[in-house]
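Below is one structure, written out as structure tokens, with a few remarks after it.
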Amino acid sequence: MESNGKAEKHGLEGDVDLRFLLVGGELLKVRSSSWKKNRFYKLQEDCTTMWHESHRTFKRNQTFSIDDVDSVRKGRQSEGLQKHTEAHVEDLCFSIIFKGRRRNLDLVAASAEEARQWVNGLEKILSNVKKLNRQQTSEHWIFNCMRKADKNKDNKMTLKELKHFLRQINIEVDDMYAEVLFAKCDKSNSGSLEGPEIKHFYDLLVYREEIDVIYGKYATTGEQMSVKDLLNFLLNEQREVATMEDAVRLIERYELDDSAKQKNHMTKDGFLMYLQQEEGSIFNPAHKEVFQDMSQPINHYFISSSHNTYLMEDQLKGHSSTEAYIKALMKSCRCVELDCWDGAHGEPIIYHGHTLTSKVLFKDVIKAIKEYAFKTSEYPVILSLENHCTLEQQKLMAQHMISILGSALLTSPLEDQMPTAFPSPQELKGRFIIKGKRLNKLDAVYSNTSPGVEEDCVSEEDEAAETNNSKTDPNGQKAKAKKSKIKLAKQLSDLAIYCKSVHFSGFEHAENNQAFYEMSSFKESKAFNLAETAANAFIHHNMTKLSRIYPAGSRTASSNYDPVPLWNAGCQIVALNFQTPSKEMDLNQGRFRSNGLSGYVLKPDFQRYPGTEFDPMTLTKGPWLKHKNFHVMVISAQQLPKINKDKPKSIVDPLVKVEIYGVPADTCSKETRSIENNGFNPMWNETFQFDIQVPELALVRFLVEDYDSTSQNDLIGQYCLPLTSLQNGYRQVPLLTKRGDVIPSAGLFVHLMLLDSK
């Protein structure tokens with residue numbers, strides 16, 4: 001467990017910045033303007049854990065795992081550092097951003113050079129952890145558990161420590177079996193395992209019977225897979241369009257045994273390594289890049305969209321933060337909401353009006369958006385303004401957006417003459433589009449007449465007015481309700497180019513009276529009603545217009561609605577509360593996992609071509625019906641995390657659910673039995689079959705739960721992806737936390753076959 005060995009494993013041996021972290025140093029920890037304290041920080045010798053001193057009575061020393069770190073930001077890039085430090089210390093500052101809801105760690109170094117070394121060193125460690133293959137990740141996880149179990153730190157393992165270790169890795173072993181396992185490995189009869197004995201114990205532990213069976217079936221050449229055997233496996237089992245060259249490439253990439261590699265053979269270890277890489281993953285590697293046509297009008301795409309983006313928690317007392325925008329944008333969200341109100345000292349603010357949610361400056365949000373908008377995706381970001389400000393502060397909002405966003409802000413149409421349809425995501429790369437109210441039609445931009453009024457009254461945004469209480473008929477007709485008016489400044493009005501907000505008065509009215517750039521927002525209940533009773537009309541409406549859907553105001557806990565029926569009706573901007581972990585957010589992450597995490601997914605052609613008769617509710621005959629039989633065999637899982645970490649003896653009883661979401665006829669869920677007391681290597685070997693009618697709209701969600709007979713099952717991990725993005729054959733399914741972060745060591749092993757129905 002020496003530091004140089006771990007550094008070598010991370011590919012950082014001899015690195016100056018890594019050595020600096022291992023020595024450590026004092027940093028100023030900043031929590032508020034009055035709480036700033038020096039603390040000693042250092043990287044531990046395992047190169048995966050940060051140690052820091054704490055002055056709490058019961059926690060003198062504390063650690064956190066590099067696995068829990070999302071990113072490191074240089075400078076005063078966090079809300080805390082911007083608020084609680086002065087501009088002149090910019091070069092001394094950096095922040096450690098954690099996954100999930102853990103508070104950022106804001107730090108100030110003694111010099112700019114030290115800050116640079118801390119940031120560089122941490123970024124190198126983070127980068128290397130992300131590059132670890134599944135085998136290394138698994139070893140890294142088991143090594144950490146072994147280290148924790150080695151109570152007296154002598155690099156040996158007694159029988160008592162071995163039992164503690166097995167509980168750490170989430171496997172219940174009775175005393176007799178533990179003693180047999182121990183005796184088998186304790187060749188020296190010393191009463192403890194060390195060196196090669198621990199390696200033998202590890203090999204027994206990670207042995208996978210199912211891999212033996214698959215490998216044995218295809219390895220016909222002296223108990224090893226020849227290149228021909230491997231090609232046979234790729235063609236017949238994985239159903240890939242593969243050549244001999246592809247098989248050779250896999251051997252060169254993943255075979256660890258040089259003598260086997262020289263013979264163009266793949267050993268069992270190399271085969272397991274291949275299965276645990278992206279080529280062996282359930283998700284088609286080709287879909288990790290942008291592979292769809294990005295030259296269609298922007299309304300022909302589903303667009304990843306956030307509601308009340310500024311909130312970190314609920315809508316009554318939650319914290320408003322620039323951090324919430326950063327997190328959403330880094331998850332490739334392409335439409336964010338800004339709820340704008342008059343602030344003190346003449347500066348507009350963002351918060352959930354008339355509630356106890358905290359407030360954040362409008363200009364700080366725009367700065368954060370500018371900084372992080374295009375780090376994950378280069379495709380356009382829509383800023384959805386909900387404007388409650390007075391004229392003076394509206395003018396300031398316009399000024400801030402123009403000065404901060406600069407040339408990236410769209411301030412006029414791309415075309416030289418009045419457009420008749422939207423530009424494409426490709427044409428709008430790197431641009432910001434403002435969605436909001438407008439005083440006049442867009443063709444006024446091309447008019448040589450006088451500039452018109454400087455201000456005028458317009459109705460409030462539908463979401464702001466919340467006047468959607470009356471029932472709608474299938475055409476969306478609605479009884480007139482009194483809507484409050486606000487004065488709109490021309491400077492702000494002029495920025496709404498391709499997304500002018502208008503009230504929805506029915507599909508027929510929209511077709512006859514609305515220009516393509518005039519778009520409506522629908523409360524979820526109204527949208528669901530239309531999607532259920534007039535889906536085909538909704539689909540046709542969305543062929544020429546944009547539609548935004550938002551959660552009901554009654555969702556004060558920031559819960560989410562089901563986005564699937566609205567995608568089925570062709571709605572593009574289905575806005576969800578990104579801050580709330582939920583099944584709905586899993587589905588959103590699954591929908592936008594493909595196409596290079598661009599935040600834009602091209603709708604199926606039957607939702608785009610004029611005259612389509614597609615209706616997800618009735619499924620009349622048409623090109624959308626592409627019957628598929630989907631066979632799923634849930635084989636095994638590896639290294640599932642403990643759920644109840646407070647109870648060291650608690651072990652999970654895992655079961656797996658396979659769920660299909662899409663048109664109502666395809667929506668279905670099936671589950672395995674639960675396996676008692678084994679989260680380390682449970683095996684099910686259970687097979688399910690699903691009949692899919694509209695595969696292009698279907699999502700598959702794998703859910704691993706800890707079975708509880710007396711209460712609701714606890715989530716262990718989940719993974720969701722489009723049905724059209726999965727690979728056939730034996731595949732590894734990564735597992736994510738409820739917040740969508742990868743659980744590094746855990747996974748499901750499945751066999752999949754998606755076939756045309758006879």
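For the structure tokens, the naming scheme is as follows: chains receive sequential letters (A, B, ...) according to their order of presentation, residues are indexed from 1 within each chain, and ligands are indexed from 1 in presentation order.
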Surrounding residues of Lys485 in chain A excluding itself and chain neighbours under 2 positions, 9 Å, only C-alpha atoms, as a PyMOL selection string: chain A and resi 457-460+483+487
Counting only C-alpha atoms, what are the residues of range 584-664 of chain A within 6 Å of range 694-709 of chain A, and for each of them which pair of atoms is the nearest and at what distance in Å, to one decimal? Sort the table by chain and rising number, as a tab-separated table.
```
residue	atom	partner	partner_atom	distance
A:Trp624	CA	A:Val694	CA	5.8
A:Leu625	CA	A:Val694	CA	5.4
A:Lys626	CA	A:Val694	CA	5.9
A:Val652	CA	A:Asp706	CA	5.5
A:Asp653	CA	A:Asp706	CA	5.1
A:Pro654	CA	A:Asp706	CA	4.7
A:Leu655	CA	A:Glu705	CA	5.5
A:Val656	CA	A:Val704	CA	4.6
A:Lys657	CA	A:Leu703	CA	5.0
A:Val658	CA	A:Phe702	CA	4.9
A:Glu659	CA	A:Arg701	CA	5.0
A:Ile660	CA	A:Val700	CA	4.8
A:Tyr661	CA	A:Leu699	CA	5.1
A:Gly662	CA	A:Ala698	CA	4.3
```
Take the residues just selected and output them with all heavy atoms as an mmCIF file, in the first residue's frame.
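Output saved as out_20.cif:
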```cif
data_model
loop_
_atom_site.group_PDB
_atom_site.id
_atom_site.type_symbol
_atom_site.label_atom_id
_atom_site.label_comp_id
_atom_site.auth_asym_id
_atom_site.auth_seq_id
_atom_site.Cartn_x
_atom_site.Cartn_y
_atom_site.Cartn_z
ATOM 1 N N TRP A 624 -44.591 4.159 -38.091
ATOM 2 C CA TRP A 624 -44.107 4.172 -36.706
ATOM 3 C C TRP A 624 -44.181 2.780 -36.077
ATOM 4 O O TRP A 624 -43.508 2.505 -35.098
ATOM 5 C CB TRP A 624 -44.926 5.163 -35.879
ATOM 6 C CG TRP A 624 -46.402 5.073 -36.148
ATOM 7 C CD1 TRP A 624 -47.308 4.240 -35.569
ATOM 8 C CD2 TRP A 624 -47.122 5.834 -37.121
ATOM 9 N NE1 TRP A 624 -48.545 4.425 -36.097
ATOM 10 C CE2 TRP A 624 -48.468 5.405 -37.064
ATOM 11 C CE3 TRP A 624 -46.772 6.846 -38.034
ATOM 12 C CZ2 TRP A 624 -49.467 5.942 -37.874
ATOM 13 C CZ3 TRP A 624 -47.760 7.376 -38.842
ATOM 14 C CH2 TRP A 624 -49.093 6.928 -38.769
ATOM 15 N N LEU A 625 -45.031 1.901 -36.652
ATOM 16 C CA LEU A 625 -45.156 0.545 -36.106
ATOM 17 C C LEU A 625 -44.017 -0.319 -36.652
ATOM 18 O O LEU A 625 -44.015 -0.716 -37.810
ATOM 19 C CB LEU A 625 -46.508 -0.071 -36.476
ATOM 20 C CG LEU A 625 -47.742 0.497 -35.769
ATOM 21 C CD1 LEU A 625 -48.993 -0.210 -36.249
ATOM 22 C CD2 LEU A 625 -47.629 0.368 -34.252
ATOM 23 N N LYS A 626 -43.019 -0.557 -35.802
ATOM 24 C CA LYS A 626 -41.877 -1.392 -36.183
ATOM 25 C C LYS A 626 -41.726 -2.452 -35.092
ATOM 26 O O LYS A 626 -40.866 -2.337 -34.216
ATOM 27 C CB LYS A 626 -40.617 -0.540 -36.305
ATOM 28 C CG LYS A 626 -40.711 0.507 -37.410
ATOM 29 C CD LYS A 626 -39.536 1.456 -37.415
ATOM 30 C CE LYS A 626 -39.711 2.526 -38.482
ATOM 31 N NZ LYS A 626 -38.701 3.584 -38.426
ATOM 32 N N VAL A 652 -27.467 -5.952 1.602
ATOM 33 C CA VAL A 652 -28.641 -5.759 0.741
ATOM 34 C C VAL A 652 -29.202 -7.087 0.239
ATOM 35 O O VAL A 652 -28.490 -8.087 0.142
ATOM 36 C CB VAL A 652 -28.328 -4.843 -0.471
ATOM 37 C CG1 VAL A 652 -27.925 -3.467 -0.010
ATOM 38 C CG2 VAL A 652 -27.279 -5.450 -1.377
ATOM 39 N N ASP A 653 -30.510 -7.064 -0.055
ATOM 40 C CA ASP A 653 -31.214 -8.193 -0.681
ATOM 41 C C ASP A 653 -31.673 -7.714 -2.059
ATOM 42 O O ASP A 653 -32.814 -7.287 -2.231
ATOM 43 C CB ASP A 653 -32.438 -8.603 0.154
ATOM 44 C CG ASP A 653 -32.081 -8.970 1.590
ATOM 45 O OD1 ASP A 653 -30.975 -9.488 1.806
ATOM 46 O OD2 ASP A 653 -32.902 -8.724 2.487
ATOM 47 N N PRO A 654 -30.791 -7.762 -3.069
ATOM 48 C CA PRO A 654 -31.093 -7.074 -4.333
ATOM 49 C C PRO A 654 -32.095 -7.796 -5.231
ATOM 50 O O PRO A 654 -32.158 -9.028 -5.273
ATOM 51 C CB PRO A 654 -29.732 -6.999 -5.021
ATOM 52 C CG PRO A 654 -28.972 -8.164 -4.471
ATOM 53 C CD PRO A 654 -29.458 -8.375 -3.067
ATOM 54 N N LEU A 655 -32.888 -6.991 -5.941
ATOM 55 C CA LEU A 655 -33.711 -7.473 -7.052
ATOM 56 C C LEU A 655 -33.554 -6.471 -8.189
ATOM 57 O O LEU A 655 -33.146 -5.323 -7.974
ATOM 58 C CB LEU A 655 -35.177 -7.631 -6.643
ATOM 59 C CG LEU A 655 -35.986 -6.408 -6.191
ATOM 60 C CD1 LEU A 655 -36.515 -5.609 -7.371
ATOM 61 C CD2 LEU A 655 -37.165 -6.850 -5.330
ATOM 62 N N VAL A 656 -33.875 -6.911 -9.396
ATOM 63 C CA VAL A 656 -33.720 -6.052 -10.586
ATOM 64 C C VAL A 656 -35.070 -5.888 -11.269
ATOM 65 O O VAL A 656 -35.782 -6.868 -11.496
ATOM 66 C CB VAL A 656 -32.705 -6.657 -11.589
ATOM 67 C CG1 VAL A 656 -32.558 -5.756 -12.811
ATOM 68 C CG2 VAL A 656 -31.354 -6.858 -10.923
ATOM 69 N N LYS A 657 -35.397 -4.635 -11.598
ATOM 70 C CA LYS A 657 -36.587 -4.348 -12.397
ATOM 71 C C LYS A 657 -36.134 -3.876 -13.779
ATOM 72 O O LYS A 657 -35.190 -3.077 -13.883
ATOM 73 C CB LYS A 657 -37.433 -3.250 -11.747
ATOM 74 C CG LYS A 657 -38.103 -3.681 -10.452
ATOM 75 C CD LYS A 657 -38.944 -2.550 -9.870
ATOM 76 C CE LYS A 657 -39.619 -2.973 -8.567
ATOM 77 N NZ LYS A 657 -40.353 -1.854 -7.936
ATOM 78 N N VAL A 658 -36.804 -4.360 -14.804
ATOM 79 C CA VAL A 658 -36.562 -3.883 -16.171
ATOM 80 C C VAL A 658 -37.850 -3.201 -16.615
ATOM 81 O O VAL A 658 -38.916 -3.826 -16.642
ATOM 82 C CB VAL A 658 -36.205 -5.040 -17.134
ATOM 83 C CG1 VAL A 658 -35.869 -4.489 -18.516
ATOM 84 C CG2 VAL A 658 -35.038 -5.851 -16.576
ATOM 85 N N GLU A 659 -37.748 -1.899 -16.944
ATOM 86 C CA GLU A 659 -38.939 -1.105 -17.251
ATOM 87 C C GLU A 659 -38.841 -0.527 -18.657
ATOM 88 O O GLU A 659 -37.760 -0.076 -19.077
ATOM 89 C CB GLU A 659 -39.079 0.046 -16.244
ATOM 90 C CG GLU A 659 -39.158 -0.431 -14.799
ATOM 91 C CD GLU A 659 -39.093 0.706 -13.789
ATOM 92 O OE1 GLU A 659 -38.548 1.789 -14.114
ATOM 93 O OE2 GLU A 659 -39.584 0.508 -12.652
ATOM 94 N N ILE A 660 -39.951 -0.538 -19.378
ATOM 95 C CA ILE A 660 -40.034 0.089 -20.698
ATOM 96 C C ILE A 660 -40.983 1.277 -20.597
ATOM 97 O O ILE A 660 -42.085 1.161 -20.064
ATOM 98 C CB ILE A 660 -40.584 -0.887 -21.771
ATOM 99 C CG1 ILE A 660 -39.798 -2.210 -21.765
ATOM 100 C CG2 ILE A 660 -40.570 -0.230 -23.158
ATOM 101 C CD1 ILE A 660 -38.373 -2.111 -22.235
ATOM 102 N N TYR A 661 -40.543 2.432 -21.097
ATOM 103 C CA TYR A 661 -41.373 3.643 -21.157
ATOM 104 C C TYR A 661 -41.455 4.085 -22.610
ATOM 105 O O TYR A 661 -40.442 4.128 -23.307
ATOM 106 C CB TYR A 661 -40.765 4.761 -20.298
ATOM 107 C CG TYR A 661 -40.766 4.438 -18.824
ATOM 108 C CD1 TYR A 661 -39.690 3.768 -18.245
ATOM 109 C CD2 TYR A 661 -41.847 4.780 -18.017
ATOM 110 C CE1 TYR A 661 -39.690 3.443 -16.898
ATOM 111 C CE2 TYR A 661 -41.856 4.460 -16.665
ATOM 112 C CZ TYR A 661 -40.779 3.799 -16.117
ATOM 113 O OH TYR A 661 -40.797 3.476 -14.775
ATOM 114 N N GLY A 662 -42.665 4.425 -23.061
ATOM 115 C CA GLY A 662 -42.855 4.873 -24.439
ATOM 116 C C GLY A 662 -44.321 5.140 -24.664
ATOM 117 O O GLY A 662 -44.997 5.681 -23.783
#
```
From the set A:Leu230, A:Ile350, A:Ile282, A:Ile692, which residue has the shortest atom-to-atom contact distance to Arg249 in chain A, counting only C-alpha atoms?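 Checking each of A:Leu230, A:Ile350, A:Ile282, A:Ile692 against Arg249 in chain A, counting only C-alpha atoms, the winner is A:Leu230.
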Taking 6 positions as the minimum chain separation for residues in the same chain, which residues sit within 10 Å of Lys29 in chain A when counting only C-alpha atoms? Answer as a PDB file with N, CA and C atoms, in the first residue's frame.
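The new file selection_38.pdb reads:
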```
ATOM      1  N   TRP A  35     -16.434  33.437   8.861  1.00  0.00           N
ATOM      2  CA  TRP A  35     -15.854  32.110   9.146  1.00  0.00           C
ATOM      3  C   TRP A  35     -14.818  31.783   8.079  1.00  0.00           C
ATOM      4  N   LYS A  36     -13.537  32.084   8.398  1.00  0.00           N
ATOM      5  CA  LYS A  36     -12.409  31.779   7.516  1.00  0.00           C
ATOM      6  C   LYS A  36     -11.298  31.219   8.399  1.00  0.00           C
ATOM      7  N   LYS A  37     -10.972  29.930   8.235  1.00  0.00           N
ATOM      8  CA  LYS A  37     -10.024  29.300   9.155  1.00  0.00           C
ATOM      9  C   LYS A  37      -8.995  28.468   8.402  1.00  0.00           C
ATOM     10  N   ASN A  38      -7.753  28.503   8.915  1.00  0.00           N
ATOM     11  CA  ASN A  38      -6.680  27.714   8.318  1.00  0.00           C
ATOM     12  C   ASN A  38      -6.832  26.243   8.691  1.00  0.00           C
ATOM     13  N   ARG A  39      -6.708  25.385   7.696  1.00  0.00           N
ATOM     14  CA  ARG A  39      -6.785  23.944   7.908  1.00  0.00           C
ATOM     15  C   ARG A  39      -5.705  23.275   7.060  1.00  0.00           C
ATOM     16  N   PHE A  40      -5.132  22.184   7.588  1.00  0.00           N
ATOM     17  CA  PHE A  40      -4.103  21.445   6.854  1.00  0.00           C
ATOM     18  C   PHE A  40      -4.768  20.376   5.983  1.00  0.00           C
ATOM     19  N   SER A  95     -12.039  26.030  -5.712  1.00  0.00           N
ATOM     20  CA  SER A  95     -13.153  25.337  -5.054  1.00  0.00           C
ATOM     21  C   SER A  95     -13.165  23.876  -5.449  1.00  0.00           C
ATOM     22  N   LEU A 105     -16.337  23.015  -1.205  1.00  0.00           N
ATOM     23  CA  LEU A 105     -15.225  23.345  -0.316  1.00  0.00           C
ATOM     24  C   LEU A 105     -14.485  24.518  -0.951  1.00  0.00           C
ATOM     25  N   ASP A 106     -14.616  25.722  -0.345  1.00  0.00           N
ATOM     26  CA  ASP A 106     -13.996  26.943  -0.874  1.00  0.00           C
ATOM     27  C   ASP A 106     -12.694  27.204  -0.138  1.00  0.00           C
ATOM     28  N   LEU A 107     -11.595  27.308  -0.893  1.00  0.00           N
ATOM     29  CA  LEU A 107     -10.266  27.380  -0.284  1.00  0.00           C
ATOM     30  C   LEU A 107      -9.441  28.519  -0.878  1.00  0.00           C
ATOM     31  N   VAL A 108      -8.546  29.063  -0.037  1.00  0.00           N
ATOM     32  CA  VAL A 108      -7.632  30.125  -0.478  1.00  0.00           C
ATOM     33  C   VAL A 108      -6.217  29.692  -0.122  1.00  0.00           C
ATOM     34  N   ALA A 109      -5.322  29.650  -1.123  1.00  0.00           N
ATOM     35  CA  ALA A 109      -3.928  29.248  -0.907  1.00  0.00           C
ATOM     36  C   ALA A 109      -3.083  30.464  -0.523  1.00  0.00           C
TER      37      ALA A 109
END
```
Env of Ser78 in chain A: 12 Å cut, atoms = only C-alpha atoms, seq-sep filter 4 positions within chain, self excluded. Answer as a PyMOL selection string. chain A and resi 30-31+71-74+82-85+90+93-97+103-107+321-327+364-365+367-368+371
Can you pull out every residue within 9 Å of range 564-568 of chain A, counting only C-alpha atoms, but drop anything in the same chain fewer than 3 positions away, and send it as JSON, numbers by chain? {"A": [302, 527, 528, 531, 532, 535, 539, 549, 571, 572, 573, 574, 584, 587, 588, 603, 607, 615, 616, 661, 662, 663, 664, 697]}
